[in-house]
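*Asks:* This is start.cif (mmCIF, C-alpha atoms and all ligand atoms).
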```
data_protein
loop_
_atom_site.label_atom_id
_atom_site.label_comp_id
_atom_site.auth_asym_id
_atom_site.auth_seq_id
_atom_site.Cartn_x
_atom_site.Cartn_y
_atom_site.Cartn_z
CA MET A 201 14.15 21.97 -12.97
CA THR A 202 14.04 23.38 -16.47
CA ASP A 203 14.91 21.42 -19.54
CA ALA A 204 18.27 22.28 -21.06
CA GLY A 205 16.49 22.85 -24.39
CA ASP A 206 14.90 25.94 -22.85
CA ALA A 207 18.18 27.73 -22.84
CA GLN A 208 19.19 27.26 -26.44
CA ARG A 209 19.96 30.91 -26.97
CA LEU A 210 22.43 31.09 -24.09
CA THR A 211 23.97 27.71 -24.93
CA GLU A 212 24.65 28.89 -28.49
CA LEU A 213 26.12 32.13 -27.28
CA LEU A 214 28.42 30.35 -24.83
CA ARG A 215 29.51 27.84 -27.40
CA ALA A 216 30.23 30.50 -30.03
CA ASN A 217 32.26 32.59 -27.59
CA ALA A 218 33.87 29.70 -25.73
CA ASP A 219 37.49 30.56 -26.51
CA SER A 220 37.39 34.23 -25.66
CA LEU A 221 35.21 33.59 -22.63
CA ILE A 222 37.56 30.97 -21.20
CA ASP A 223 40.50 33.21 -21.98
CA ARG A 224 39.07 36.13 -19.98
CA TRP A 225 37.92 33.80 -17.22
CA VAL A 226 41.43 32.36 -16.89
CA GLY A 227 42.87 35.86 -16.94
CA GLU A 228 40.64 37.05 -14.15
CA VAL A 229 41.28 34.05 -11.90
CA ALA A 230 45.01 34.10 -12.59
CA SER A 231 45.25 37.70 -11.46
CA LEU A 232 43.10 36.90 -8.43
CA LEU A 233 45.44 34.12 -7.42
CA ARG A 234 48.44 36.34 -8.13
CA GLY A 235 50.68 33.85 -9.82
CA ARG A 236 50.06 30.94 -7.49
CA ALA A 237 48.53 29.02 -10.37
CA THR A 238 49.79 29.27 -13.94
CA ARG A 239 47.51 30.25 -16.80
CA THR A 240 48.24 26.92 -18.46
CA GLU A 241 47.09 24.94 -15.43
CA LEU A 242 43.97 27.03 -15.06
CA GLU A 243 43.16 26.86 -18.72
CA ALA A 244 43.26 23.07 -18.78
CA ASP A 245 40.98 22.88 -15.72
CA PHE A 246 38.56 25.52 -16.97
CA ARG A 247 38.21 24.06 -20.47
CA GLU A 248 37.22 20.76 -19.00
CA PHE A 249 34.85 22.41 -16.57
CA PHE A 250 33.30 24.54 -19.30
CA ALA A 251 32.71 21.53 -21.54
CA ALA A 252 30.94 19.68 -18.72
CA LEU A 253 28.94 22.78 -17.91
CA LEU A 254 27.48 23.39 -21.38
CA PRO A 255 24.98 20.50 -21.31
CA LEU A 256 23.72 21.81 -17.96
CA VAL A 257 22.86 25.31 -19.17
CA GLY A 258 19.16 25.76 -18.42
CA ASN A 259 19.41 23.77 -15.23
CA ASP A 260 18.89 25.93 -12.14
CA GLY A 261 21.25 23.87 -9.98
CA LYS A 262 18.72 23.19 -7.25
CA ASP A 263 19.60 19.51 -7.28
CA THR A 264 23.31 19.08 -7.86
CA GLY A 265 23.03 15.49 -6.64
CA ALA A 266 21.10 14.54 -9.79
CA PRO A 267 22.75 12.05 -12.21
CA GLU A 268 23.38 14.67 -14.93
CA PHE A 269 25.68 16.44 -12.45
CA ALA A 270 27.97 13.46 -12.03
CA GLU A 271 30.71 14.78 -14.29
CA ILE A 272 30.70 18.38 -13.12
CA ARG A 273 30.60 17.21 -9.51
CA SER A 274 33.68 15.11 -9.93
CA LEU A 275 35.51 17.93 -11.72
CA THR A 276 34.51 20.34 -8.96
CA GLU A 277 35.67 17.88 -6.35
CA GLU A 278 39.01 17.36 -8.04
CA TYR A 279 39.51 21.07 -8.43
CA SER A 280 38.61 21.81 -4.80
CA ARG A 281 40.87 19.06 -3.48
CA ALA A 282 43.80 20.29 -5.52
CA ARG A 283 43.19 23.79 -4.15
CA VAL A 284 43.21 22.55 -0.55
CA ARG A 285 46.52 20.77 -1.06
CA ALA A 286 47.97 23.85 -2.73
CA GLY A 287 47.00 25.97 0.26
CA PHE A 288 44.30 28.15 -1.30
CA THR A 289 41.49 29.51 0.85
CA PRO A 290 37.89 28.34 0.43
CA SER A 291 36.83 31.71 -0.99
CA GLU A 292 39.67 31.76 -3.49
CA THR A 293 38.50 28.33 -4.58
CA ALA A 294 34.85 29.30 -4.91
CA SER A 295 35.60 32.57 -6.68
CA SER A 296 37.07 30.61 -9.58
CA VAL A 297 33.51 29.54 -10.31
CA PHE A 298 31.95 32.91 -9.56
CA SER A 299 34.38 34.64 -11.92
CA LEU A 300 32.82 32.82 -14.85
CA LYS A 301 29.51 34.37 -13.89
CA ARG A 302 30.92 37.85 -14.22
CA GLU A 303 32.32 37.04 -17.66
CA VAL A 304 28.96 35.70 -18.83
CA PHE A 305 27.19 38.80 -17.55
CA ALA A 306 29.67 40.95 -19.47
CA LEU A 307 29.08 38.89 -22.59
CA THR A 308 25.31 39.26 -22.48
CA GLU A 309 24.77 42.68 -20.94
CA ASN A 310 24.32 44.48 -24.24
CA GLU A 311 21.77 42.04 -25.62
CA ASN A 312 18.27 43.36 -25.34
CA ASP A 313 16.45 40.06 -25.08
CA PRO A 314 14.23 39.30 -22.04
CA GLU A 315 14.34 35.58 -22.80
CA LEU A 316 18.15 35.58 -22.83
CA PHE A 317 18.10 37.58 -19.62
CA ARG A 318 15.94 34.91 -17.97
CA GLN A 319 18.33 32.20 -19.15
CA VAL A 320 21.32 34.09 -17.75
CA MET A 321 19.56 34.36 -14.40
CA VAL A 322 18.98 30.60 -14.30
CA PHE A 323 22.60 30.05 -15.33
CA SER A 324 23.72 32.35 -12.56
CA GLY A 325 21.82 30.18 -10.08
CA LEU A 326 23.58 27.14 -11.48
CA LEU A 327 27.01 28.69 -10.96
CA ASP A 328 26.05 29.74 -7.44
CA ALA A 329 25.19 26.15 -6.67
CA LEU A 330 28.49 24.93 -8.11
CA GLY A 331 30.39 27.60 -6.18
CA LEU A 332 28.79 26.36 -2.99
CA LEU A 333 29.71 22.85 -3.97
CA THR A 334 33.38 23.84 -4.02
CA PHE A 335 32.99 24.92 -0.38
CA GLU A 336 31.55 21.56 0.49
CA PHE A 337 34.28 19.61 -1.27
CA TYR A 338 36.91 21.93 0.08
CA ALA A 339 35.74 21.37 3.67
CA ARG A 340 35.54 17.64 3.16
CA ALA A 341 39.03 17.44 1.68
CA ARG A 342 40.43 19.55 4.50
CA ASP A 343 38.80 17.32 7.14
CA GLU A 344 40.34 14.31 5.44
CA ILE A 345 43.77 15.88 5.48
CA ILE A 346 43.43 16.73 9.15
CA ARG A 347 42.30 13.21 9.95
CA GLU A 348 45.20 11.74 7.98
CA GLN A 349 47.63 13.97 9.79
CA SER A 350 46.36 13.10 13.23
CA GLU A 351 46.46 9.43 12.37
CA GLN A 352 50.03 9.84 11.21
CA LEU A 353 50.81 11.63 14.45
CA LEU A 354 49.24 8.79 16.38
CA GLU A 355 51.45 6.34 14.55
CA LEU A 356 54.51 8.46 15.09
CA THR A 357 54.01 8.89 18.80
CA THR A 358 53.44 5.22 19.48
CA PRO A 359 56.38 3.26 18.19
CA VAL A 360 56.67 -0.44 18.81
CA VAL A 361 60.37 -1.28 18.81
CA LYS A 362 62.23 -4.53 18.83
CA ILE A 363 64.82 -4.10 21.53
CA TRP A 364 66.21 -7.62 21.48
CA GLU A 365 65.65 -10.80 19.55
CA GLY A 366 62.21 -11.92 20.71
CA VAL A 367 61.54 -8.82 22.82
CA LEU A 368 59.34 -5.90 21.76
CA ALA A 369 58.93 -2.69 23.71
CA VAL A 370 56.41 0.08 23.48
CA PRO A 371 57.00 3.21 25.50
CA LEU A 372 53.78 5.08 26.23
CA VAL A 373 54.02 8.81 26.78
CA GLY A 374 51.78 11.71 27.63
CA THR A 375 48.04 11.70 27.95
CA LEU A 376 46.56 8.39 27.03
CA ASP A 377 43.14 8.70 25.54
CA SER A 378 41.28 5.59 24.62
CA ALA A 379 41.85 5.98 20.88
CA ARG A 380 45.57 6.13 21.35
CA THR A 381 45.77 3.31 23.83
CA GLN A 382 43.78 1.14 21.49
CA VAL A 383 46.02 1.95 18.52
CA VAL A 384 49.13 1.13 20.50
CA MET A 385 47.74 -2.10 21.78
CA GLU A 386 46.65 -3.22 18.34
CA LYS A 387 50.03 -2.33 16.89
CA LEU A 388 51.74 -4.26 19.63
CA LEU A 389 49.69 -7.40 19.01
CA GLU A 390 50.34 -7.17 15.28
CA ALA A 391 54.04 -6.72 15.85
CA LEU A 392 54.11 -9.74 18.14
CA VAL A 393 52.74 -11.85 15.31
CA GLU A 394 54.98 -10.35 12.64
CA THR A 395 58.18 -10.74 14.58
CA GLY A 396 57.26 -13.94 16.37
CA SER A 397 58.38 -12.33 19.62
CA GLU A 398 57.49 -13.94 22.91
CA HIS A 399 57.92 -10.92 25.14
CA ALA A 400 56.40 -7.48 25.06
CA ILE A 401 57.32 -4.70 27.44
CA ILE A 402 54.78 -1.92 27.89
CA ASP A 403 56.58 0.95 29.52
CA ILE A 404 54.40 3.60 31.11
CA THR A 405 57.11 5.78 32.66
CA GLY A 406 55.95 8.74 30.56
CA VAL A 407 52.27 8.40 31.31
CA PHE A 408 50.56 10.93 33.49
CA ALA A 409 47.48 8.98 34.56
CA VAL A 410 46.07 5.49 34.23
CA ASP A 411 42.30 5.37 34.54
CA THR A 412 39.94 2.39 34.30
CA GLN A 413 39.72 2.65 30.54
CA VAL A 414 43.45 2.65 29.94
CA ALA A 415 43.78 -0.15 32.49
CA GLN A 416 41.14 -2.13 30.67
CA HIS A 417 43.01 -1.75 27.37
CA LEU A 418 46.20 -2.87 29.09
CA LEU A 419 44.52 -5.89 30.68
CA LYS A 420 42.90 -6.94 27.41
CA THR A 421 46.20 -6.66 25.57
CA VAL A 422 47.96 -8.79 28.13
CA VAL A 423 45.29 -11.47 27.86
CA ALA A 424 45.31 -11.35 24.05
CA ALA A 425 49.10 -11.58 23.98
CA ARG A 426 48.97 -14.52 26.34
CA LEU A 427 46.56 -16.31 24.01
CA MET A 428 49.11 -15.81 21.27
CA GLY A 429 51.77 -17.38 23.40
CA ALA A 430 53.50 -14.15 24.37
CA GLU A 431 54.05 -12.57 27.75
CA CYS A 432 53.60 -8.87 28.53
CA ILE A 433 55.53 -7.05 31.19
CA VAL A 434 54.36 -3.63 32.34
CA SER A 435 57.24 -1.43 33.45
CA GLY A 436 57.74 2.06 34.78
CA ILE A 437 54.69 2.34 37.03
CA ARG A 438 55.58 5.46 39.00
CA PRO A 439 54.60 5.81 42.68
CA GLN A 440 51.72 8.24 42.09
CA ILE A 441 50.31 5.99 39.38
CA ALA A 442 50.65 2.91 41.56
CA GLN A 443 48.79 4.62 44.40
CA THR A 444 46.05 5.78 42.04
CA ILE A 445 45.62 2.33 40.54
CA VAL A 446 45.31 0.83 44.01
CA ALA A 447 42.78 3.47 45.13
CA LEU A 448 40.74 2.93 41.98
CA GLY A 449 40.59 -0.75 42.85
CA ILE A 450 42.09 -2.02 39.60
CA GLU A 451 43.66 -5.43 39.98
CA PHE A 452 46.54 -6.20 37.71
CA GLY A 453 46.31 -9.79 38.89
CA ASP A 454 49.18 -11.93 37.71
CA ILE A 455 50.52 -9.41 35.24
CA MET A 456 54.27 -9.14 35.55
CA THR A 457 55.35 -5.65 36.50
CA LYS A 458 58.86 -4.27 36.76
CA ALA A 459 60.19 -0.99 38.05
CA SER A 460 62.04 -0.03 34.90
CA LEU A 461 62.38 -0.93 31.26
CA ALA A 462 65.86 -2.29 31.98
CA ASP A 463 64.54 -4.57 34.71
CA ALA A 464 61.82 -5.77 32.38
CA LEU A 465 64.33 -6.54 29.63
CA ARG A 466 66.60 -8.38 32.04
CA TYR A 467 63.61 -10.43 33.21
CA ALA A 468 62.51 -11.26 29.64
CA LEU A 469 66.01 -12.35 28.66
CA ARG A 470 66.39 -14.51 31.71
CA ARG A 471 63.14 -16.25 30.79
CA ASP A 472 64.74 -17.00 27.44
CA GLY A 473 67.79 -18.40 29.15
CA VAL A 474 69.98 -15.36 28.49
CA ASP A 475 71.83 -13.97 31.49
CA LEU A 476 73.31 -10.53 31.44
CA VAL A 477 76.52 -10.50 33.45
CA HIS A 478 79.06 -7.85 34.25
CA ARG A 479 82.37 -8.76 32.76
CA GLU A 480 85.53 -8.10 34.67
CA VAL A 481 87.34 -5.33 32.91
CA ARG A 482 91.06 -5.61 33.20
CA MET B 145 44.21 28.20 29.60
CA PRO B 146 45.42 29.44 32.95
CA PRO B 147 42.88 29.21 35.76
CA ARG B 148 41.39 32.49 36.83
CA SER B 149 40.55 33.36 40.39
CA ASP B 150 37.38 35.15 39.38
CA GLY B 151 35.24 32.07 38.90
CA PRO B 152 34.89 28.55 37.61
CA GLU B 153 35.82 27.48 34.12
CA GLN B 154 33.35 25.44 32.17
CA ILE B 155 33.91 23.14 29.21
CA PRO B 156 31.57 20.88 27.25
CA ILE B 157 31.82 17.10 27.26
CA ASP B 158 30.45 15.91 23.94
CA ALA B 159 33.16 13.69 22.52
CA ASP B 160 36.15 11.56 23.45
CA ASP B 161 38.51 14.48 22.89
CA ASP B 162 36.61 16.52 25.44
CA VAL B 163 37.44 13.97 28.12
CA VAL B 164 41.12 14.59 27.40
CA ARG B 165 40.51 18.33 27.52
CA VAL B 166 38.76 18.10 30.89
CA ARG B 167 41.64 16.06 32.20
CA GLN B 168 44.13 18.66 31.04
CA LEU B 169 42.15 21.52 32.54
CA VAL B 170 41.88 19.76 35.91
CA ARG B 171 45.57 19.05 35.77
CA THR B 172 46.35 22.72 35.15
CA TYR B 173 44.28 23.72 38.17
CA ALA B 174 45.84 21.00 40.32
CA GLN B 175 49.32 22.19 39.41
CA GLN B 176 48.41 25.83 39.95
CA THR B 177 47.01 25.02 43.41
CA LYS B 178 50.23 23.11 44.06
CA LEU B 179 48.65 19.82 44.99
CA SER B 180 51.23 17.09 45.52
CA LEU B 181 52.07 14.95 42.51
CA VAL B 182 50.14 12.04 43.99
CA ASP B 183 47.08 14.20 44.63
CA GLN B 184 47.29 15.74 41.17
CA THR B 185 47.31 12.28 39.64
CA LYS B 186 44.42 11.11 41.81
CA LEU B 187 42.26 14.11 41.02
CA VAL B 188 43.01 13.98 37.30
CA THR B 189 42.19 10.27 37.23
CA ALA B 190 38.92 10.84 39.10
CA ALA B 191 38.03 13.61 36.64
CA SER B 192 38.80 11.31 33.75
CA GLU B 193 36.41 8.68 35.13
CA LEU B 194 33.60 11.11 35.84
CA ALA B 195 33.92 12.94 32.53
CA ARG B 196 33.74 9.64 30.70
CA ASN B 197 30.62 8.63 32.62
CA THR B 198 29.06 11.99 31.73
CA LEU B 199 29.82 11.26 28.09
CA ILE B 200 28.86 7.59 27.96
CA TYR B 201 25.94 7.32 30.36
CA GLY B 202 24.81 10.93 30.66
CA GLY B 203 24.86 11.40 26.88
CA GLY B 204 27.19 14.39 27.22
CA GLY B 205 27.14 17.50 29.33
CA PHE B 206 29.78 19.76 30.78
CA ALA B 207 32.46 20.01 33.43
CA ARG B 208 33.17 22.91 35.72
CA VAL B 209 36.50 23.37 37.41
CA GLU B 210 37.50 25.91 40.04
CA GLU B 211 39.96 26.69 42.74
CA VAL B 212 38.31 26.74 46.17
CA SER B 213 39.25 27.53 49.74
CA ASP B 214 37.73 26.60 53.07
CA GLY B 215 39.54 29.35 54.91
CA ARG B 216 42.39 27.11 56.01
CA ARG B 217 43.48 25.46 52.82
CA ALA B 218 43.13 25.68 49.10
CA GLY B 219 41.75 22.98 46.89
CA VAL B 220 40.41 22.15 43.46
CA ARG B 221 36.78 21.36 42.84
CA ALA B 222 35.43 19.80 39.67
CA SER B 223 31.84 19.00 38.87
CA PHE B 224 30.34 16.98 36.05
CA HIS B 225 26.86 17.74 34.81
CA ASP B 226 24.54 15.89 32.49
CA GLU B 227 20.87 15.74 31.73
CA GLY B 228 20.87 12.04 31.02
CA PRO B 229 18.80 9.20 32.45
CA GLY B 230 20.08 9.55 36.02
CA ILE B 231 21.20 6.64 38.21
CA PRO B 232 18.30 4.49 39.44
CA ASP B 233 20.25 2.41 41.96
CA LEU B 234 23.05 4.33 43.62
CA THR B 235 24.17 1.49 45.85
CA LEU B 236 24.67 -0.66 42.83
CA ALA B 237 26.36 2.08 40.79
CA LEU B 238 28.77 2.76 43.65
CA ALA B 239 29.59 -0.90 44.17
CA ASP B 240 33.03 -1.99 43.02
CA GLY B 241 32.87 -3.95 39.85
CA TRP B 242 29.30 -3.20 38.83
CA SER B 243 28.81 -1.79 35.35
CA SER B 244 25.65 -1.48 33.29
CA GLY B 245 27.91 -1.41 30.26
CA SER B 246 31.18 -3.15 29.50
CA GLY B 247 33.41 -1.21 31.90
CA LEU B 248 35.30 -2.48 34.88
CA GLY B 249 32.67 -0.87 37.09
CA LEU B 250 35.33 0.94 39.09
CA GLY B 251 35.01 4.50 37.80
CA LEU B 252 32.45 5.88 40.20
CA SER B 253 33.49 3.97 43.31
CA GLY B 254 37.16 4.47 42.49
CA ALA B 255 36.74 8.21 41.91
CA ARG B 256 35.12 8.46 45.33
CA ARG B 257 38.20 6.90 46.93
CA LEU B 258 40.55 9.18 44.98
CA VAL B 259 39.18 12.48 46.30
CA ASP B 260 38.53 14.15 49.66
CA GLN B 261 34.94 15.10 49.03
CA PHE B 262 32.45 13.38 46.78
CA ASP B 263 28.87 14.48 46.19
CA LEU B 264 26.47 12.77 43.87
CA ASP B 265 23.19 14.33 42.93
CA THR B 266 21.07 12.30 40.59
CA GLU B 267 17.45 12.00 39.61
CA VAL B 268 16.00 9.42 37.28
CA GLY B 269 14.93 11.06 34.05
CA ARG B 270 16.56 14.40 34.99
CA GLY B 271 20.28 13.86 35.07
CA THR B 272 23.33 13.59 37.25
CA VAL B 273 25.79 15.98 38.86
CA VAL B 274 28.92 14.65 40.52
CA THR B 275 31.11 17.07 42.43
CA VAL B 276 34.56 16.21 43.74
CA THR B 277 37.09 18.21 45.74
CA LYS B 278 40.70 17.60 46.56
CA TRP B 279 42.34 19.72 49.29
CA LYS B 280 45.93 20.74 49.46
CA ARG B 281 47.67 19.04 52.32
N1 LIG C 501 26.40 10.16 34.69
C1 LIG C 501 25.76 8.99 34.75
N2 LIG C 501 24.49 8.87 34.30
C2 LIG C 501 23.84 7.68 34.36
N3 LIG C 501 24.38 6.55 34.82
C3 LIG C 501 25.64 6.58 35.29
C4 LIG C 501 26.40 7.80 35.28
N4 LIG C 501 27.62 7.53 35.81
C5 LIG C 501 27.61 6.22 36.13
N5 LIG C 501 26.44 5.65 35.81
C6 LIG C 501 26.06 4.22 36.06
O1 LIG C 501 26.86 3.71 37.08
C7 LIG C 501 27.55 2.54 36.63
C8 LIG C 501 28.89 2.45 37.32
O2 LIG C 501 29.74 3.49 36.86
P1 LIG C 501 31.30 3.27 36.89
O3 LIG C 501 31.97 4.46 36.36
O4 LIG C 501 31.67 2.83 38.28
O5 LIG C 501 31.53 2.00 35.96
P2 LIG C 501 31.59 1.91 34.37
O6 LIG C 501 31.64 3.27 33.78
O7 LIG C 501 30.49 1.03 33.94
O8 LIG C 501 32.99 1.19 34.14
P3 LIG C 501 34.44 1.86 34.29
O9 LIG C 501 34.25 3.28 34.72
O10 LIG C 501 35.14 1.04 35.34
O11 LIG C 501 35.10 1.74 32.97
C9 LIG C 501 27.61 2.67 35.14
O12 LIG C 501 27.74 1.42 34.52
C10 LIG C 501 26.29 3.36 34.82
O13 LIG C 501 25.24 2.43 34.76
MG MG C 502 32.91 4.77 34.34
#
```
Please express what this file holds, its structure, as structure tokens.
Ligand SMILES: Nc1ncnc2c1ncn2[C@@H]1O[C@H](COP(=O)(O)OP(=O)(O)OP(=O)(O)O)[C@@H](O)[C@H]1O
Ligand SMILES: [Mg+2]
*Replies:*
Amino acid sequence: MTDAGDAQRLTELLRANADSLIDRWVGEVASLLRGRATRTELEADFREFFAALLPLVGNDGKDTGAPEFAEIRSLTEEYSRARVRAGFTPSETASSVFSLKREVFALTENENDPELFRQVMVFSGLLDALGLLTFEFYARARDEIIREQSEQLLELTTPVVKIWEGVLAVPLVGTLDSARTQVVMEKLLEALVETGSEHAIIDITGVFAVDTQVAQHLLKTVVAARLMGAECIVSGIRPQIAQTIVALGIEFGDIMTKASLADALRYALRRDGVDLVHREVR
Amino acid sequence: MPPRSDGPEQIPIDADDDVVRVRQLVRTYAQQTKLSLVDQTKLVTAASELARNTLIYGGGGFARVEEVSDGRRAGVRASFHDEGPGIPDLTLALADGWSSGSGLGLGLSGARRLVDQFDLDTEVGRGTVVTVTKWKR
């Protein structure tokens, strides 16, 4: 790594031409992004970036994890994240950095100074490294967004609903992988505490297959609920699932099972001393 | 992915999501071959168990699924391959309720009961291949 003092010539040149340089840089990127980011927005970002970059001139960017990169790293991260959210591509994001390189080349191309040329080369390496960094931050931010979205989806597809005073129900649907089963079961236990309910109905009418892992999650939930003073009822075990469970050798032991959600609700209410009766309609 | 008649389809088993994918692929084949709903569910459940064993104990591997025929009837065959530690004591592994981990110990023995044909090929230090077939009735 070279000392920043080595590149005094270039630093001075950049500082002296800062305004016009940033102006052309903003212009180039704005036209690249074709109006999807305003000049004002870009200018604010680029000024900040440029100011953080100046002390690093002379650094070849081989170690962007070094402490002196802290500020530029966080600016680059912020910029990349904002680009992800705004729907820009990774190359559009990186080219914002690379565009500055072109402007600096243009600024220095008529100078006939080998030392300045060397400094520009080092600077070019620095911008390459920062450009690559935008890719890294971009990818990370995108992964985070995807993870957030799939977690939200998980939450959405596994609602725990209170269907009666003291009775919660959770309808399971589709393919149960272990992550999802675990989320549902945790949510159910939490909801039992929050609502002080004494009955939970786990309805598996919409489930395609119950394997040992799903069964194990179910069994554990029932036991945990029981420890909390609540009773679980599993409803909607369809014939093909029942046969599979039996062939697998899973024992549901003394877990209460009911054919349908309605049967399960009727059972839970009766346990609470509520009887549902048909009224004579006159 | 629709099953093709020109050969088996192969997918990797390297993460939890892959187990779900294997299950879905087997299900597609089972539906295509028109297995009964009960048999579809049994085969898919067996595949789920075996794919998870491949992942957990075999350290990952791959599954192969194909439509087969014995001349009289059609069926679906799925095999699960890993290059993990192998199974040192088969009798134990196939016993109901025995698990070297924290499972119910029913996956392997249960899968055997869920299918029509069950072949287990394992060698300590080399890996394990489990092949199951379910025939259309
Ligand atoms: N592919 C494999 N490679 C190595 N060992 C295996 C493999 N498959 C199964 N085993 C061994 O056989 C044991 C029994 O397997 P099985 O699937 O019956 O039970 P489990 O996976 O422990 O629990 P469960 O499947 O009920 O959740 C496992 O605990 C493991 O020691
Ligand atoms: Mg298992």
*Asks:* Based on all atoms listed in the file, which of the residues in chain A come within 9 Å of chain B? I want them as a list in words.
*Replies:*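 The contacting residues on chain A are Thr375, Leu376, Asp377, Ser378, Ala379, Phe408, Ala409, Val410, Asp411, Thr412, Gln413, Gln416, Pro439, Gln440, Ile441, Gln443, Thr444, Ile445, Ala447, Leu448, Gly449 and Ile450 of chain A.
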*Asks:* Would you mind exporting C-alpha atoms of the selected residues as a PDB file, in the frame of the given file?
*Replies:*
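File produced: result-v6.pdb:
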```
ATOM      1  CA  THR A 375      48.040  11.700  27.950  1.00  0.00           C
ATOM      2  CA  LEU A 376      46.560   8.390  27.030  1.00  0.00           C
ATOM      3  CA  ASP A 377      43.140   8.700  25.540  1.00  0.00           C
ATOM      4  CA  SER A 378      41.280   5.590  24.620  1.00  0.00           C
ATOM      5  CA  ALA A 379      41.850   5.980  20.880  1.00  0.00           C
ATOM      6  CA  PHE A 408      50.560  10.930  33.490  1.00  0.00           C
ATOM      7  CA  ALA A 409      47.480   8.980  34.560  1.00  0.00           C
ATOM      8  CA  VAL A 410      46.070   5.490  34.230  1.00  0.00           C
ATOM      9  CA  ASP A 411      42.300   5.370  34.540  1.00  0.00           C
ATOM     10  CA  THR A 412      39.940   2.390  34.300  1.00  0.00           C
ATOM     11  CA  GLN A 413      39.720   2.650  30.540  1.00  0.00           C
ATOM     12  CA  GLN A 416      41.140  -2.130  30.670  1.00  0.00           C
ATOM     13  CA  PRO A 439      54.600   5.810  42.680  1.00  0.00           C
ATOM     14  CA  GLN A 440      51.720   8.240  42.090  1.00  0.00           C
ATOM     15  CA  ILE A 441      50.310   5.990  39.380  1.00  0.00           C
ATOM     16  CA  GLN A 443      48.790   4.620  44.400  1.00  0.00           C
ATOM     17  CA  THR A 444      46.050   5.780  42.040  1.00  0.00           C
ATOM     18  CA  ILE A 445      45.620   2.330  40.540  1.00  0.00           C
ATOM     19  CA  ALA A 447      42.780   3.470  45.130  1.00  0.00           C
ATOM     20  CA  LEU A 448      40.740   2.930  41.980  1.00  0.00           C
ATOM     21  CA  GLY A 449      40.590  -0.750  42.850  1.00  0.00           C
ATOM     22  CA  ILE A 450      42.090  -2.020  39.600  1.00  0.00           C
TER      23      ILE A 450
END
```
*Asks:* Excluding same-chain residues fewer than 6 positions from Ile345 of chain A, what lies within 10 Å of it counting all atoms listed in the file, as a list in words?
*Replies:* Arg281, Val284, Arg285, Ala339 and Glu351 of chain A
*Asks:* Counting only C-alpha atoms, find the residues whose atoms lie at most 12 Å from (50.7, 25.8, 44.1) (file coordinates) and write them out as a ChimeraX atom specification.
*Replies:* /B:147,171-181,184,211,217-220,279-281
*Asks:* In terms of the shortest atom-to-atom distance over all atoms listed in the file, which of B:Val209, B:Gly245, B:Ala222, B:Gly230 is closest to ligand MG 502 (chain C)?
*Replies:*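 Smallest distance to ligand MG 502 (chain C) is found for B:Gly245.
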*Asks:* For ligand LIG 501 (chain C), which of A:Leu232, A:Val414, A:Ala237, A:Leu427 is the closest residue, counting all atoms listed in the file?
*Replies:*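 With all atoms listed in the file as the atom set, the closest residue is A:Val414.
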*Asks:* Taking all atoms listed in the file into account, name the residue in B:Val268, B:Ala207, B:Val276, B:Ile200 that is nearest to ligand MG 502 (chain C).
*Replies:* B:Ile200
*Asks:* Measure the distance from atom CA of Ala266 of chain A to atom CA of Leu213 of chain A in Å and round it to one decimal.
*Replies:*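 Pair atom CA of Ala266 of chain A / atom CA of Leu213 of chain A returns 25.3 Å.
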*Asks:* Please, what distance in Å, to one decimal, runs between atom CA of Gly366 of chain A and atom CA of Gly429 of chain A?
*Replies:*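 Distance reported for this atom pair: 12.1 Å.
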*Asks:* Could you tell me how far atom CA of Trp364 of chain A lies from atom CA of Ile433 of chain A, in Å and to one decimal?
*Replies:*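 So the answer is 14.4 Å.
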*Asks:* Tell me which protein, DNA and RNA residues are within 10 Å of segment 417-425 of chain A, counting all atoms listed in the file, leaving out same-chain ones fewer than 4 positions away, and put them as a PyMOL selection string.
*Replies:* chain A and resi 378+381-382+384-386+388-390+392-393+398-400+402+410+412-413+429-434+451-453+455-456
*Asks:* May I have the protein, DNA and RNA residues with any atom at most 10 Å from the point (30.8, 23.1, 29.1), counting all atoms listed in the file, written as a ChimeraX atom specification?
*Replies:* /B:153-158,162,166,204-208,224-225
*Asks:* Which is closer to ligand MG 502 (chain C) than all the others in B:Thr277, B:Thr272, B:Ser213, B:Thr198, using all atoms listed in the file?
*Replies:* B:Thr198
